[in-house]
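A.B. asks: Just work26.txt, nothing more (compact mmCIF, C-alpha atoms and all ligand atoms):
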```
# COMPACT_ATOMS: atom_id res chain seq x y z
CA MET A 56 -55.31 -32.03 72.54
CA LYS A 57 -52.26 -31.43 74.55
CA LEU A 58 -49.55 -34.05 73.87
CA THR A 59 -47.96 -35.06 77.15
CA ARG A 60 -44.83 -37.17 77.47
CA ARG A 61 -46.88 -40.06 78.86
CA ARG A 62 -49.36 -39.95 75.96
CA PHE A 63 -46.54 -39.81 73.43
CA LEU A 64 -44.88 -42.94 74.89
CA GLN A 65 -48.20 -44.77 75.00
CA GLY A 66 -48.84 -43.93 71.35
CA VAL A 67 -45.42 -45.10 70.22
CA GLY A 68 -45.75 -48.36 72.17
CA ALA A 69 -49.15 -49.11 70.65
CA GLY A 70 -47.84 -48.38 67.17
CA LEU A 71 -44.87 -50.73 67.58
CA LEU A 72 -47.12 -53.52 68.88
CA ALA A 73 -49.45 -53.16 65.93
CA LEU A 74 -46.55 -53.30 63.48
CA SER A 75 -44.99 -56.39 65.05
CA LEU A 76 -48.34 -58.21 65.02
CA SER A 77 -48.87 -57.36 61.39
CA ARG A 78 -45.45 -58.92 60.56
CA LEU A 79 -46.24 -62.04 62.54
CA THR A 80 -49.54 -62.71 60.82
CA PRO A 81 -48.29 -63.52 57.29
CA ALA A 82 -45.46 -65.64 58.70
CA ALA A 83 -47.91 -67.71 60.66
CA ALA A 84 -50.19 -67.92 57.64
CA GLU A 85 -47.28 -69.01 55.36
CA SER A 86 -46.31 -71.79 57.73
CA THR A 87 -49.78 -73.24 57.49
CA VAL A 88 -49.87 -73.34 53.68
CA ALA A 89 -50.13 -77.05 52.86
CA GLY A 90 -47.28 -78.56 50.79
CA ALA A 91 -45.12 -75.43 50.70
CA SER A 92 -41.43 -76.36 50.88
CA PRO A 93 -38.93 -74.06 52.56
CA PRO A 94 -36.84 -71.93 50.21
CA GLU A 95 -33.59 -73.50 49.04
CA VAL A 96 -30.52 -72.47 50.99
CA PRO A 97 -27.81 -71.19 48.65
CA ALA A 98 -24.30 -72.64 49.01
CA TYR A 99 -22.92 -69.40 50.39
CA ARG A 100 -25.56 -67.12 51.86
CA THR A 101 -23.41 -64.59 53.59
CA TRP A 102 -19.79 -63.86 54.28
CA GLU A 103 -20.11 -65.81 57.51
CA ASP A 104 -20.95 -68.98 55.57
CA LEU A 105 -18.06 -68.38 53.23
CA TYR A 106 -15.81 -68.02 56.21
CA ARG A 107 -17.15 -71.21 57.83
CA LYS A 108 -16.69 -73.16 54.58
CA LYS A 109 -13.10 -72.02 54.50
CA TRP A 110 -12.42 -74.19 57.48
CA THR A 111 -12.72 -77.41 55.52
CA TRP A 112 -9.82 -78.33 53.33
CA ASP A 113 -9.04 -80.65 50.45
CA THR A 114 -5.31 -80.63 51.11
CA VAL A 115 -2.80 -79.33 53.62
CA THR A 116 0.69 -79.20 52.15
CA LYS A 117 4.00 -77.61 53.10
CA GLY A 118 5.07 -74.43 51.35
CA THR A 119 7.28 -71.35 51.59
CA HIS A 120 7.90 -68.02 49.83
CA CYS A 121 10.65 -66.92 47.47
CA VAL A 122 10.61 -63.20 48.17
CA ASP A 123 13.07 -60.58 49.33
CA CYS A 124 12.94 -61.64 52.94
CA TYR A 125 14.82 -62.82 55.95
CA PRO A 126 15.17 -65.47 57.28
CA GLY A 127 13.42 -66.82 54.18
CA GLY A 128 12.37 -70.33 53.35
CA CYS A 129 10.12 -70.53 56.43
CA SER A 130 7.97 -73.61 56.67
CA TRP A 131 4.22 -73.01 56.34
CA ASN A 132 1.17 -75.25 56.14
CA VAL A 133 -0.77 -74.35 53.02
CA TYR A 134 -4.53 -75.04 53.15
CA ALA A 135 -6.20 -75.48 49.77
CA LYS A 136 -9.81 -76.08 48.72
CA ASP A 137 -10.98 -76.58 45.14
CA GLY A 138 -7.41 -75.89 44.01
CA VAL A 139 -7.34 -72.48 45.71
CA VAL A 140 -5.07 -71.62 48.62
CA TRP A 141 -7.26 -70.12 51.34
CA ARG A 142 -4.89 -69.90 54.19
CA GLU A 143 -1.31 -70.34 55.36
CA GLU A 144 -0.21 -71.10 58.87
CA GLN A 145 3.24 -71.21 60.44
CA VAL A 146 4.30 -74.79 61.04
CA ALA A 147 6.29 -74.00 64.18
CA HIS A 148 8.24 -77.25 64.25
CA TYR A 149 11.75 -75.82 64.37
CA PRO A 150 13.95 -77.53 66.92
CA VAL A 151 15.59 -75.68 69.78
CA ILE A 152 19.16 -75.06 68.69
CA GLU A 153 20.60 -74.02 72.01
CA THR A 154 19.10 -74.09 75.48
CA GLY A 155 18.54 -70.61 76.83
CA VAL A 156 18.36 -69.07 73.35
CA PRO A 157 14.84 -68.27 72.11
CA ASP A 158 13.83 -70.78 69.46
CA MET A 159 12.53 -69.80 66.05
CA ASN A 160 8.93 -70.88 66.61
CA PRO A 161 6.59 -69.82 65.20
CA ARG A 162 8.75 -68.71 62.27
CA GLY A 163 7.16 -66.59 59.56
CA CYS A 164 6.33 -62.96 59.01
CA GLN A 165 3.30 -60.89 58.05
CA LYS A 166 4.38 -60.86 54.40
CA GLY A 167 4.30 -64.63 54.43
CA ALA A 168 0.88 -64.72 56.08
CA SER A 169 -0.59 -62.64 53.26
CA PHE A 170 1.39 -64.27 50.48
CA SER A 171 -1.48 -66.40 49.17
CA GLN A 172 -3.59 -63.25 48.71
CA VAL A 173 -0.81 -61.69 46.65
CA MET A 174 -0.57 -64.90 44.64
CA TYR A 175 -4.10 -64.33 43.32
CA GLY A 176 -3.68 -60.56 42.93
CA ALA A 177 -4.75 -59.07 39.59
CA GLU A 178 -1.37 -57.39 39.18
CA ARG A 179 0.63 -60.60 39.47
CA VAL A 180 2.66 -61.53 36.37
CA LYS A 181 1.75 -65.14 35.62
CA TYR A 182 3.66 -65.82 32.41
CA PRO A 183 6.78 -64.47 30.65
CA LEU A 184 6.42 -61.13 28.91
CA LYS A 185 8.79 -59.69 26.33
CA ARG A 186 9.16 -56.00 25.63
CA ALA A 187 7.37 -55.17 22.37
CA GLY A 188 8.13 -51.47 22.04
CA ALA A 189 10.75 -48.93 22.99
CA ARG A 190 12.23 -49.28 26.47
CA GLY A 191 9.86 -47.65 28.93
CA SER A 192 6.92 -47.64 26.50
CA GLY A 193 5.09 -50.22 28.61
CA LYS A 194 4.35 -52.47 25.60
CA TRP A 195 4.71 -56.19 26.20
CA GLN A 196 3.93 -59.41 24.39
CA ARG A 197 3.35 -62.79 25.90
CA VAL A 198 5.93 -65.49 25.11
CA SER A 199 6.19 -69.14 26.08
CA TRP A 200 8.46 -70.33 28.90
CA ASP A 201 10.64 -72.16 26.35
CA GLU A 202 11.01 -69.01 24.30
CA ALA A 203 11.86 -66.88 27.33
CA LEU A 204 14.36 -69.31 28.82
CA GLY A 205 15.93 -70.03 25.42
CA GLU A 206 16.44 -66.34 24.70
CA ILE A 207 17.96 -65.62 28.11
CA ALA A 208 20.27 -68.63 27.83
CA ASP A 209 21.37 -67.52 24.34
CA HIS A 210 22.22 -64.01 25.60
CA VAL A 211 24.13 -65.37 28.61
CA LEU A 212 26.14 -67.71 26.37
CA ASP A 213 26.81 -64.97 23.80
CA VAL A 214 28.17 -62.59 26.45
CA CYS A 215 30.27 -65.33 28.10
CA VAL A 216 31.82 -66.36 24.78
CA GLU A 217 32.27 -62.92 23.20
CA ASP A 218 33.10 -60.69 26.20
CA GLY A 219 33.59 -63.00 29.16
CA PRO A 220 31.39 -63.67 32.21
CA GLY A 221 32.77 -60.50 33.84
CA HIS A 222 30.43 -58.52 31.59
CA ILE A 223 27.31 -60.02 33.11
CA VAL A 224 25.81 -57.84 35.81
CA TYR A 225 24.31 -59.88 38.60
CA ASP A 226 22.07 -57.54 40.55
CA PHE A 227 22.34 -58.91 44.05
CA SER A 228 19.24 -57.25 45.39
CA ASN A 229 15.90 -59.04 45.82
CA ILE A 230 17.76 -61.89 47.40
CA ASP A 231 16.34 -63.91 50.20
CA PHE A 232 18.04 -66.49 52.32
CA GLY A 233 15.72 -69.20 51.17
CA PRO A 234 15.63 -71.69 48.37
CA SER A 235 15.89 -69.22 45.49
CA SER A 236 19.12 -67.54 46.61
CA ALA A 237 21.10 -70.77 46.90
CA ALA A 238 20.36 -71.67 43.28
CA GLU A 239 21.03 -68.12 42.05
CA LEU A 240 24.34 -67.74 43.83
CA ARG A 241 25.52 -71.20 42.83
CA PHE A 242 24.60 -70.60 39.20
CA PHE A 243 26.33 -67.24 38.89
CA SER A 244 29.43 -68.29 40.80
CA LEU A 245 29.79 -71.42 38.60
CA LEU A 246 29.48 -69.17 35.59
CA GLY A 247 32.27 -66.95 36.91
CA VAL A 248 30.11 -63.83 37.14
CA PRO A 249 31.63 -61.31 39.57
CA THR A 250 29.52 -59.87 42.35
CA MET A 251 30.08 -56.67 44.34
CA ASP A 252 31.66 -58.55 47.22
CA GLY A 253 33.18 -56.26 49.81
CA LEU A 254 31.74 -52.94 48.61
CA ALA A 255 29.37 -52.28 51.51
CA GLY A 256 31.77 -53.73 54.09
CA GLY A 257 34.56 -51.32 53.11
CA VAL A 258 32.26 -48.29 53.06
CA PHE A 259 30.67 -49.10 56.44
CA GLY A 260 34.05 -49.87 58.01
CA SER A 261 35.37 -46.37 57.15
CA ALA A 262 32.17 -44.69 58.36
CA PHE A 263 32.23 -46.44 61.76
CA MET A 264 35.93 -45.60 62.19
CA ALA A 265 35.12 -41.92 61.51
CA TYR A 266 32.46 -41.95 64.25
CA ALA A 267 34.83 -43.76 66.59
CA GLY A 268 37.22 -40.82 66.09
CA ILE A 269 34.49 -38.18 66.55
CA ALA A 270 33.20 -39.85 69.71
CA TYR A 271 36.71 -40.25 71.10
CA PHE A 272 37.60 -36.58 70.60
CA GLN A 273 34.28 -35.56 72.19
CA ASN A 274 35.18 -37.68 75.19
CA GLN A 275 32.37 -40.20 74.54
CA ILE A 276 34.65 -43.14 75.24
CA ASN A 277 31.95 -45.82 75.40
CA LEU A 278 30.51 -44.74 72.09
CA ALA A 279 33.99 -44.59 70.56
CA ALA A 280 34.67 -48.13 71.76
CA PHE A 281 31.33 -49.34 70.37
CA SER A 282 31.95 -47.73 66.95
CA ALA A 283 35.49 -49.10 66.79
CA THR A 284 34.23 -52.56 67.74
CA LEU A 285 31.73 -52.43 64.90
CA ALA A 286 34.45 -51.32 62.49
CA GLY A 287 36.63 -54.21 63.69
CA ALA A 288 33.78 -56.71 63.28
CA ILE A 289 33.15 -55.43 59.75
CA LEU A 290 36.84 -55.81 58.89
CA ALA A 291 36.73 -59.41 60.14
CA PHE A 292 33.63 -59.98 58.02
CA LEU A 293 35.36 -58.32 55.05
CA TRP A 294 38.20 -60.81 55.32
CA PHE A 295 35.80 -63.50 54.15
CA ASN A 296 33.63 -61.24 52.00
CA ILE A 297 36.25 -60.21 49.44
CA PRO A 298 35.90 -62.05 46.12
CA PRO A 299 35.02 -64.83 46.00
CA ALA A 300 32.84 -64.13 49.04
CA ARG A 301 32.10 -66.83 51.55
CA PHE A 302 29.70 -64.63 53.51
CA TRP A 303 27.30 -62.01 52.26
CA MET A 304 25.95 -58.94 53.94
CA THR A 305 22.92 -58.30 51.67
CA GLU A 306 20.10 -55.98 52.64
CA THR A 307 19.62 -57.56 56.02
CA GLY A 308 23.12 -56.51 57.05
CA THR A 309 23.09 -53.12 55.37
CA MET A 310 19.77 -52.13 56.95
CA GLY A 311 21.01 -53.00 60.44
CA LEU A 312 24.32 -51.20 59.93
CA THR A 313 22.64 -48.13 58.42
CA LEU A 314 20.34 -47.78 61.41
CA THR A 315 23.23 -48.25 63.83
CA LEU A 316 25.26 -45.62 61.98
CA ALA A 317 22.37 -43.15 62.16
CA VAL A 318 21.90 -43.76 65.91
CA ILE A 319 25.61 -43.22 66.54
CA ALA A 320 25.49 -40.02 64.49
CA PHE A 321 22.67 -38.70 66.68
CA MET A 322 24.51 -39.74 69.84
CA THR A 323 27.59 -37.75 68.82
CA ASP A 324 25.39 -34.74 68.23
CA THR A 325 24.06 -32.41 70.89
CA PRO A 326 21.73 -29.78 69.41
CA GLY A 327 23.71 -26.58 69.15
CA ASP A 328 26.92 -28.31 70.18
CA GLY A 329 28.00 -31.08 67.88
CA TYR A 330 28.08 -31.92 64.21
CA GLY A 331 27.64 -35.67 64.28
CA VAL A 332 24.43 -35.57 62.24
CA ALA A 333 25.59 -32.79 59.92
CA ALA A 334 28.70 -34.83 59.11
CA LEU A 335 26.67 -37.97 58.31
CA PRO A 336 25.96 -37.15 54.62
CA ILE A 337 29.70 -36.52 54.14
CA ILE A 338 30.92 -39.58 56.05
CA ALA A 339 28.33 -41.84 54.46
CA PHE A 340 28.50 -40.19 51.04
CA PRO A 341 28.75 -43.46 49.03
CA LEU A 342 25.63 -44.74 50.84
CA VAL A 343 23.79 -41.46 50.24
CA VAL A 344 24.64 -41.67 46.54
CA THR A 345 23.38 -45.24 46.42
CA VAL A 346 20.02 -44.28 47.92
CA PHE A 347 19.58 -41.16 45.77
CA SER A 348 20.48 -42.99 42.56
CA ASN A 349 17.56 -45.34 43.28
CA VAL A 350 15.22 -42.43 44.02
CA ILE A 351 16.30 -40.58 40.86
CA GLN A 352 15.90 -43.70 38.74
CA VAL A 353 12.39 -44.45 39.99
CA ALA A 354 11.28 -40.78 39.76
CA SER A 355 12.66 -40.49 36.25
CA LYS A 356 10.92 -43.66 35.10
CA ARG A 357 7.62 -42.47 36.56
CA LEU A 358 7.80 -38.83 35.44
CA ARG A 359 9.81 -38.94 32.22
CA GLY A 360 9.22 -42.52 31.18
CA LYS A 361 12.94 -43.25 30.88
CA LYS A 362 15.87 -44.18 33.05
CA VAL A 363 18.81 -42.01 34.09
CA PHE A 364 21.14 -44.93 34.91
CA ARG A 365 21.44 -48.16 33.03
CA ILE A 366 20.89 -49.98 36.30
CA ALA A 367 20.26 -48.51 39.73
CA PRO A 368 21.80 -48.25 42.27
CA LEU A 369 24.78 -46.40 40.88
CA HIS A 370 27.44 -49.08 41.44
CA HIS A 371 25.56 -51.41 39.08
CA HIS A 372 25.45 -48.62 36.51
CA PHE A 373 29.25 -48.51 36.56
CA GLU A 374 29.32 -52.26 36.07
CA ALA A 375 26.86 -51.98 33.20
CA ILE A 376 29.05 -49.43 31.39
CA GLY A 377 31.96 -51.84 31.55
CA TRP A 378 33.87 -51.29 34.80
CA PRO A 379 34.91 -54.60 36.31
CA SER A 380 33.34 -55.15 39.72
CA TYR A 381 36.70 -55.00 41.58
CA LYS A 382 37.30 -51.53 40.10
CA VAL A 383 33.89 -50.32 41.31
CA THR A 384 34.49 -51.80 44.77
CA MET A 385 38.01 -50.32 45.13
CA ARG A 386 36.85 -46.88 44.01
CA TYR A 387 33.96 -46.95 46.48
CA TRP A 388 36.43 -47.88 49.21
CA ILE A 389 38.73 -44.98 48.27
CA ILE A 390 35.83 -42.51 48.20
CA GLY A 391 34.56 -43.98 51.48
CA VAL A 392 37.91 -43.41 53.25
CA VAL A 393 38.28 -39.86 51.87
CA CYS A 394 34.70 -38.98 52.88
CA ALA A 395 35.19 -40.48 56.35
CA ILE A 396 38.30 -38.35 56.98
CA LEU A 397 36.60 -35.25 55.54
CA GLY A 398 33.44 -35.77 57.61
CA MET A 399 35.41 -36.40 60.80
CA THR A 400 37.40 -33.20 60.19
CA VAL A 401 34.21 -31.18 59.62
CA ALA A 402 32.62 -32.59 62.79
CA LEU A 403 35.68 -31.91 64.94
CA LEU A 404 36.32 -28.40 63.58
CA LYS A 405 32.96 -27.23 64.89
S1 LIG B 1 8.08 -64.03 53.49
FE1 LIG B 1 8.33 -64.13 55.71
S2 LIG B 1 7.42 -66.08 56.25
FE2 LIG B 1 7.79 -66.15 54.06
S3 LIG B 1 9.79 -67.11 53.84
FE3 LIG B 1 10.12 -64.89 53.91
S4 LIG B 1 10.53 -64.43 56.08
FE4 LIG B 1 9.61 -66.45 55.99
```
For this file, produce the structure as structure tokens.
C.D. replies:
Amino acid sequence: MKLTRRRFLQGVGAGLLALSLSRLTPAAAESTVAGASPPEVPAYRTWEDLYRKKWTWDTVTKGTHCVDCYPGGCSWNVYAKDGVVWREEQVAHYPVIETGVPDMNPRGCQKGASFSQVMYGAERVKYPLKRAGARGSGKWQRVSWDEALGEIADHVLDVCVEDGPGHIVYDFSNIDFGPSSAAELRFFSLLGVPTMDGLAGGVFGSAFMAYAGIAYFQNQINLAAFSATLAGAILAFLWFNIPPARFWMTETGTMGLTLTLAVIAFMTDTPGDGYGVAALPIIAFPLVVTVFSNVIQVASKRLRGKKVFRIAPLHHHFEAIGWPSYKVTMRYWIIGVVCAILGMTVALLK
């Protein structure tokens, strides 16, 4: 028999009808079975149910995050059920500080929104661990909070009494502007521990002055004025940032200034006619060293299982080997000025 298109469609339709009827029959039969109770519905049948259940809460409390962030200390509503945080939501109740200036609402970033997931992550350290083998061997033993805090306090006191608080290295990274930083800074400043106040300000000030000079001699007057203004602003900041600092730059400031420096370097550079970018590693040499010391340290720990520097970045290594922080800062300033002059000369002698 010749199979035409019409016959084929008729056959398929009949087949589908037969199949659907055969499925309907047992269902109808089941429903007529006397006394049969419907199957029990499990608490969570599918992900949709789980998601719907999420929307009922036992408690809604206020919370925030102590991470390396800015602005930090944002206010969030924390929704918990059965003792588990399911969701966080920006509170958005910050007042308008000045008319015409955008307010902070809703304040909170994507890190904050996912913070409760991280909190239950398998990799999260939930209790104090003490190294139980050689440094870098990855062997740890669990200790109590009392033991951990007691041991740290003993070491801090020993160093303060035997060598002086100047021998404690306070690594200023991982700071936020929230609740944790205030306590940290207050504690270390009461203890008399020096911080690297002024180091970044001095280095950035020299670098921006170098680009002001390069831009000026290339007749980019607006760019020269902008760079000089930045250098002037940094000097004003430095006035209050020298030890004991009243203002801190931290990573928020350094990231913004680094990007601005890179943009200015590109603007003083015309491909084939200009050395603004080529001079950047020379002018910003102390910053380049800082970045590479971190990269080297991490790579060495991963590949060789041991550190190159006692502490990275490099300026903390100098502190750890006994240089007082003012000596590290002054030497970075000197190197920064020399590199700025050298880089400017290279750029202008094109
Ligand atoms: S992680 Fe984000 S939301 Fe949380 S406190 Fe820091 S800046 Fe604010």
A.B. asks: Return as a Markdown table the residues of chain A lying at most 6 Å from ligand LIG 1 (chain B), together with the closest atom-to-atom pair for each and the distance in Å to one decimal, counting only C-alpha atoms and all ligand atoms, with rows in chain order and ascending residue number.
C.D. replies:
```
| residue | atom | partner | partner_atom | distance |
| --- | --- | --- | --- | --- |
| A:Thr119 | CA | B:LIG1 | S3 | 5.4 |
| A:His120 | CA | B:LIG1 | S3 | 4.5 |
| A:Val122 | CA | B:LIG1 | S1 | 5.9 |
| A:Cys124 | CA | B:LIG1 | FE3 | 4.4 |
| A:Tyr125 | CA | B:LIG1 | S4 | 4.6 |
| A:Pro126 | CA | B:LIG1 | S4 | 4.9 |
| A:Gly127 | CA | B:LIG1 | S3 | 3.7 |
| A:Gly128 | CA | B:LIG1 | S3 | 4.2 |
| A:Cys129 | CA | B:LIG1 | FE4 | 4.1 |
| A:Gly163 | CA | B:LIG1 | S2 | 3.4 |
| A:Cys164 | CA | B:LIG1 | FE1 | 4.0 |
| A:Lys166 | CA | B:LIG1 | S1 | 5.0 |
| A:Gly167 | CA | B:LIG1 | FE2 | 3.8 |
```
A.B. asks: One decimal, in Å: what's the spacing between CA of Ala267 (chain A) and CA of Ser282 (chain A)?
C.D. replies: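 CA of Ser282 (chain A) lies 4.9 Å from CA of Ala267 (chain A).
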A.B. asks: Residues within 12 Å of Ile396 (chain A), please, as a PDB file with C-alpha atoms, in the frame of the given file. Count only C-alpha atoms; anything in the same chain fewer than 5 positions from it doesn't count.
C.D. replies:
```pdb
ATOM      1  CA  SER A 261      35.370 -46.370  57.150  1.00  0.00           C
ATOM      2  CA  ALA A 262      32.170 -44.690  58.360  1.00  0.00           C
ATOM      3  CA  PHE A 263      32.230 -46.440  61.760  1.00  0.00           C
ATOM      4  CA  MET A 264      35.930 -45.600  62.190  1.00  0.00           C
ATOM      5  CA  ALA A 265      35.120 -41.920  61.510  1.00  0.00           C
ATOM      6  CA  TYR A 266      32.460 -41.950  64.250  1.00  0.00           C
ATOM      7  CA  ALA A 267      34.830 -43.760  66.590  1.00  0.00           C
ATOM      8  CA  GLY A 268      37.220 -40.820  66.090  1.00  0.00           C
ATOM      9  CA  ILE A 269      34.490 -38.180  66.550  1.00  0.00           C
ATOM     10  CA  ALA A 334      28.700 -34.830  59.110  1.00  0.00           C
ATOM     11  CA  LEU A 335      26.670 -37.970  58.310  1.00  0.00           C
ATOM     12  CA  ILE A 337      29.700 -36.520  54.140  1.00  0.00           C
ATOM     13  CA  ILE A 338      30.920 -39.580  56.050  1.00  0.00           C
ATOM     14  CA  ALA A 339      28.330 -41.840  54.460  1.00  0.00           C
ATOM     15  CA  PHE A 340      28.500 -40.190  51.040  1.00  0.00           C
ATOM     16  CA  ILE A 389      38.730 -44.980  48.270  1.00  0.00           C
ATOM     17  CA  ILE A 390      35.830 -42.510  48.200  1.00  0.00           C
ATOM     18  CA  GLY A 391      34.560 -43.980  51.480  1.00  0.00           C
ATOM     19  CA  VAL A 401      34.210 -31.180  59.620  1.00  0.00           C
ATOM     20  CA  ALA A 402      32.620 -32.590  62.790  1.00  0.00           C
ATOM     21  CA  LEU A 403      35.680 -31.910  64.940  1.00  0.00           C
TER      22      LEU A 403
END
```
A.B. asks: Restrict the calculation to only C-alpha atoms, then for each residue of region 254-310 of chain A with any atom at most 12 Å from an atom of region 344-347 of chain A give the closest atom pair and their distance in Å to one decimal, rows by chain and rising residue number, as CSV.
C.D. replies:
```
residue,atom,partner,partner_atom,distance
A:Leu254,CA,A:Thr345,CA,11.6
A:Ala255,CA,A:Thr345,CA,10.6
A:Val258,CA,A:Thr345,CA,11.5
A:Thr309,CA,A:Thr345,CA,11.9
A:Met310,CA,A:Val346,CA,12.0
```
A.B. asks: Separation of CA of Phe373 (chain A) and CA of Asp218 (chain A), in Å?
C.D. replies: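 Computing the Euclidean distance for CA of Phe373 (chain A) and CA of Asp218 (chain A) yields 16.4 Å.
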A.B. asks: Taking 4 positions as the minimum chain separation for residues in the same chain, which residues sit within 12 Å of Ala288 (chain A) when counting all atoms listed in the file? Answer as a PDB file with C-alpha atoms, in the frame of the given file.
C.D. replies:
```pdb
ATOM      1  CA  GLY A 256      31.770 -53.730  54.090  1.00  0.00           C
ATOM      2  CA  GLY A 257      34.560 -51.320  53.110  1.00  0.00           C
ATOM      3  CA  PHE A 259      30.670 -49.100  56.440  1.00  0.00           C
ATOM      4  CA  GLY A 260      34.050 -49.870  58.010  1.00  0.00           C
ATOM      5  CA  PHE A 263      32.230 -46.440  61.760  1.00  0.00           C
ATOM      6  CA  MET A 264      35.930 -45.600  62.190  1.00  0.00           C
ATOM      7  CA  PHE A 281      31.330 -49.340  70.370  1.00  0.00           C
ATOM      8  CA  SER A 282      31.950 -47.730  66.950  1.00  0.00           C
ATOM      9  CA  ALA A 283      35.490 -49.100  66.790  1.00  0.00           C
ATOM     10  CA  THR A 284      34.230 -52.560  67.740  1.00  0.00           C
ATOM     11  CA  PHE A 292      33.630 -59.980  58.020  1.00  0.00           C
ATOM     12  CA  LEU A 293      35.360 -58.320  55.050  1.00  0.00           C
ATOM     13  CA  TRP A 294      38.200 -60.810  55.320  1.00  0.00           C
ATOM     14  CA  PHE A 295      35.800 -63.500  54.150  1.00  0.00           C
ATOM     15  CA  LEU A 312      24.320 -51.200  59.930  1.00  0.00           C
TER      16      LEU A 312
END
```
A.B. asks: Kindly give the distance, in Å, that separates CA of His372 (chain A) and CA of Leu246 (chain A), rounded to a single decimal.
C.D. replies: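 If I compute the distance from CA of His372 (chain A) to CA of Leu246 (chain A), I get 21.0 Å.
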A.B. asks: Taking into account all atoms listed in the file, which residue in the set A:Ser171, A:Thr384, A:Ser199, A:Ser355 is nearest to Leu184 (chain A)?
C.D. replies: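 The shortest atom-to-atom distance to Leu184 (chain A) comes from A:Ser199.
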A.B. asks: Nearest to Gly360 (chain A) among A:Thr101, A:Thr111, A:Ser192, A:Thr400, with distances taken over all atoms listed in the file: which residue is it?
C.D. replies: A:Ser192
